[in-house]
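The structure under discussion appears below in the form of structure tokens.
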Amino acid sequence: GSALYIVATPIGNAADITLRALHLLGLADRIAAEDTRNTGQLLARYGISKPLVAVHVHNERAAAERIIEYLQAGERIAYVSDAGTPGISDPGAKLVDAVRTAGYPVIPLPGASAVATALSVAGDWAATFTFLGFAPTKAKQRAAFLQPLAAHPHALVFYEAPHRIVETVRALGEALGGERRILIARELTKLHEALHCCTLAEGPTWLEEDANRQRGEFVLVVEGAPAQPHGANEDAAAHDGLLRLLLE
Ligand code: SAM
């Protein structure tokens with residue numbers, strides 16, 4: 001019956017499309033896409049030709065109304081974003097809200113996502129994490145955004161674009177301290193894929209040593225705040241008091 005299918009697509013390597021995604025795209029009556037040209041090319045590769053409808057950040061609410069009309073007409077609709085999983089730093093979430101509110105099923109088709117891909121090779125220090133997407137781009141707003149995260153015990157995961165990578169890694173060091181680990185994951189699943197793990201203090205220098213290290217798409221995974229031993233402050237205060245007493 002009619003339903004909205006949220007379909008993940010590759011984040012670089014075309015072979016990361018899933019069999020289920022191809023099957024569903026072949027079955028759909030209509031495919032909603034963040035960029036109809038991009039998605040048209042993806043579909044052409046698999047010989048799939050379907051009516052396309054644009055659903056992007058600038059029209060998501062209005063487009064959702066149209067999608068609901070198609071669902072009312074009994075259609076099966078697939079939604080794909082430009083790359084990876086829709087709704088993760090990509091349009092799709094407002095469409096999901098509108099369609100669920102209208103009473104139609106929303107069905108996820110999992111697949112590639114840059115955040116999960118980077119975390120899969122981060123290691124045990126990033127076992128619990130908070131995903132923050134893109135940090136604010138203006139220095140003041142970014143500092144205000146990062147400052148309260150300094151005490152957060154989870155690893156922090158960010159997306160970043162090439163032209164801001166150095167200043168963002170530097171800002172992370174300033175806000176969180178230079179000693180923490182960072183995993184810089186670049187061009188995941190692509191030809192120039194590279195993973196580099198270092199401290200936040202070392203990050204900017206490493207990136208600046210070679211312009212190639214600043215090219216492409218990035219996921220940054222930063223170690224969380226060191227765990228505070230339970231009741232550490234109270235213990236320290238008690239010891240101070242005892243010491244003073246003994247000295248007296
Ligand atoms: N929806 C996508 C997902 O599921 O990962 C994310 C879309 S967001 C607009 C694009 C950002 O995701 C890029 O700027 C980059 O930070 C990250 N990204 C996407 N593909 C990547 C890749 N192959 N390697 C590293 N980061 C990537």
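Going by the structure tokens order, chains are called A, B, ..., each with residues numbered from 1, while ligands are numbered from 1 in the order shown.
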
Got a sec to check which residues lie within 8 Å of ligand 1, using only C-alpha atoms and all ligand atoms, and send them as number ranges by chain?
A: 8, 11-13, 81-90, 112-116, 118, 133-134, 158-162, 185-190, 193, 216-219

Hey, can you spit out that residue selection with C-alpha atoms as a PDB file, in the first residue's frame?
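That gives us selection.pdb:
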ATOM      1  CA  ALA A   8      19.917   5.595   2.041  1.00  0.00           C
ATOM      2  CA  ILE A  11      28.447   8.382   0.448  1.00  0.00           C
ATOM      3  CA  GLY A  12      31.054   7.945  -2.272  1.00  0.00           C
ATOM      4  CA  ASN A  13      31.572   4.368  -3.396  1.00  0.00           C
ATOM      5  CA  SER A  81      18.937  12.718  -0.350  1.00  0.00           C
ATOM      6  CA  ASP A  82      22.108  13.628  -2.239  1.00  0.00           C
ATOM      7  CA  ALA A  83      24.296  11.149  -0.400  1.00  0.00           C
ATOM      8  CA  GLY A  84      24.014   8.827   2.562  1.00  0.00           C
ATOM      9  CA  THR A  85      21.059   8.633   4.887  1.00  0.00           C
ATOM     10  CA  PRO A  86      18.267  11.234   4.541  1.00  0.00           C
ATOM     11  CA  GLY A  87      17.499  13.279   7.647  1.00  0.00           C
ATOM     12  CA  ILE A  88      21.104  13.134   8.905  1.00  0.00           C
ATOM     13  CA  SER A  89      22.419  16.654   8.209  1.00  0.00           C
ATOM     14  CA  ASP A  90      20.212  16.386   5.118  1.00  0.00           C
ATOM     15  CA  ALA A 112      25.607   4.273   4.170  1.00  0.00           C
ATOM     16  CA  SER A 113      25.952   7.225   6.507  1.00  0.00           C
ATOM     17  CA  ALA A 114      29.188   9.113   7.096  1.00  0.00           C
ATOM     18  CA  VAL A 115      28.638   9.300  10.874  1.00  0.00           C
ATOM     19  CA  ALA A 116      28.197   5.533  11.324  1.00  0.00           C
ATOM     20  CA  ALA A 118      33.509   6.987  10.829  1.00  0.00           C
ATOM     21  CA  GLY A 133      26.477  17.642  12.520  1.00  0.00           C
ATOM     22  CA  PHE A 134      28.015  20.891  11.239  1.00  0.00           C
ATOM     23  CA  PHE A 158      31.015  16.593  13.640  1.00  0.00           C
ATOM     24  CA  TYR A 159      30.667  16.958   9.892  1.00  0.00           C
ATOM     25  CA  GLU A 160      32.881  19.506   8.159  1.00  0.00           C
ATOM     26  CA  ALA A 161      33.610  20.876   4.712  1.00  0.00           C
ATOM     27  CA  PRO A 162      37.166  21.209   3.292  1.00  0.00           C
ATOM     28  CA  ALA A 185      38.090  10.761   8.677  1.00  0.00           C
ATOM     29  CA  ARG A 186      38.348  12.062   5.125  1.00  0.00           C
ATOM     30  CA  GLU A 187      36.694  10.939   1.882  1.00  0.00           C
ATOM     31  CA  LEU A 188      35.238   7.776   3.406  1.00  0.00           C
ATOM     32  CA  THR A 189      34.618   4.960   0.896  1.00  0.00           C
ATOM     33  CA  LYS A 190      36.255   7.041  -1.874  1.00  0.00           C
ATOM     34  CA  GLU A 193      39.949   7.837   1.807  1.00  0.00           C
ATOM     35  CA  GLY A 216      37.272  16.453   0.405  1.00  0.00           C
ATOM     36  CA  GLU A 217      34.594  15.650   2.950  1.00  0.00           C
ATOM     37  CA  PHE A 218      35.254  15.127   6.656  1.00  0.00           C
ATOM     38  CA  VAL A 219      33.910  13.476   9.750  1.00  0.00           C
TER      39      VAL A 219
END

Using DSSP assignments from the backbone, pull out every residue in stretch 32-146 of chain A that falls under strand (DSSP E) and give it to me as a PyMOL selection string.
chain A and resi 32-33+52-54+76-80+106-109+129-134

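Reported to one decimal place, the separation of atom CA of A:Ala28 from atom CA of A:Tyr46 is 14.0 Å.
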
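Proximity to stretch 148-152 of chain A at 6 Å, evaluated using only C-alpha atoms and with sequence-adjacent residues fewer than 2 positions away removed, yields A:Leu146, A:His154, A:Leu176, A:Ala225.
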
9 Å contact set for A:Thr39, only C-alpha atoms, chain neighbours under 5 positions out, as a VMD selection string:
chain A and resid 31 33 to 34 44 52 80 to 82

Using the selection just defined, write its residues with C-alpha atoms as a short mmCIF file (atom, residue, chain, number, x, y, z; two decimals), in the first residue's frame.
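What ended up in again15.cif:
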data_model
loop_
_atom_site.label_atom_id
_atom_site.label_comp_id
_atom_site.auth_asym_id
_atom_site.auth_seq_id
_atom_site.Cartn_x
_atom_site.Cartn_y
_atom_site.Cartn_z
CA ILE A 31 10.88 9.16 -6.25
CA ALA A 33 14.88 13.58 -4.26
CA GLU A 34 16.96 16.34 -2.70
CA ALA A 44 19.97 5.82 -14.87
CA LEU A 52 10.91 12.61 -9.78
CA VAL A 80 16.57 9.90 -1.34
CA SER A 81 18.94 12.72 -0.35
CA ASP A 82 22.11 13.63 -2.24
#

What does the distance between atom CA of A:Ala126 and atom CA of A:Val221 come to in Å, to one decimal place?
7.6 Å

Got a sec: who's within 9 Å of A:Gly1, counting only C-alpha atoms, leaving out chain neighbours fewer than 3 positions off, as a PyMOL selection string?
chain A and resi 74-76

Polymer residues at most 7 Å from stretch 60-68 of chain A, only C-alpha atoms, same-chain spacing of 6 or more positions, as a count of residues only
4

Env of A:Phe129: 10 Å cut, atoms = only C-alpha atoms, seq-sep filter 6 positions within chain, self excluded. Answer as a list in words.
Leu119, His152, Pro153, His154, Ala155, Leu156, Val157, Val221, Val222, Glu223 and Gly224 of chain A

Can you list, as number ranges by chain, all residues belonging to stretch 42-183 of chain A that DSSP tags as alpha helix (DSSP H)?
A: 42-45, 60-72, 93-101, 114-119, 139-146, 165-176

Proximity to A:Ala78 - best of A:Pro136, A:Pro204, A:Gly92, A:Gly111, only C-alpha atoms
A:Gly92

Top pick for closest residue to A:Ala175, considering A:Arg215, A:Ala54, A:Lys140, A:Glu209 and counting only C-alpha atoms
A:Lys140

Go through A:Ala122, A:Leu191, A:Ala201, A:Val53 one by one, measure the shortest atom-to-atom distance of each to A:Val169 using only C-alpha atoms, and give the residue with the smallest value.
A:Ala201

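In terms of minimum interatomic distance to A:Arg45, A:Ala15 ranks closest within A:Val57, A:Ala73, A:Ala144, A:Ala15, counting only C-alpha atoms.
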
Can you tell me how far atom CA of A:Gly40 sits from atom CA of A:Pro108, in Å to one decimal?
20.7 Å
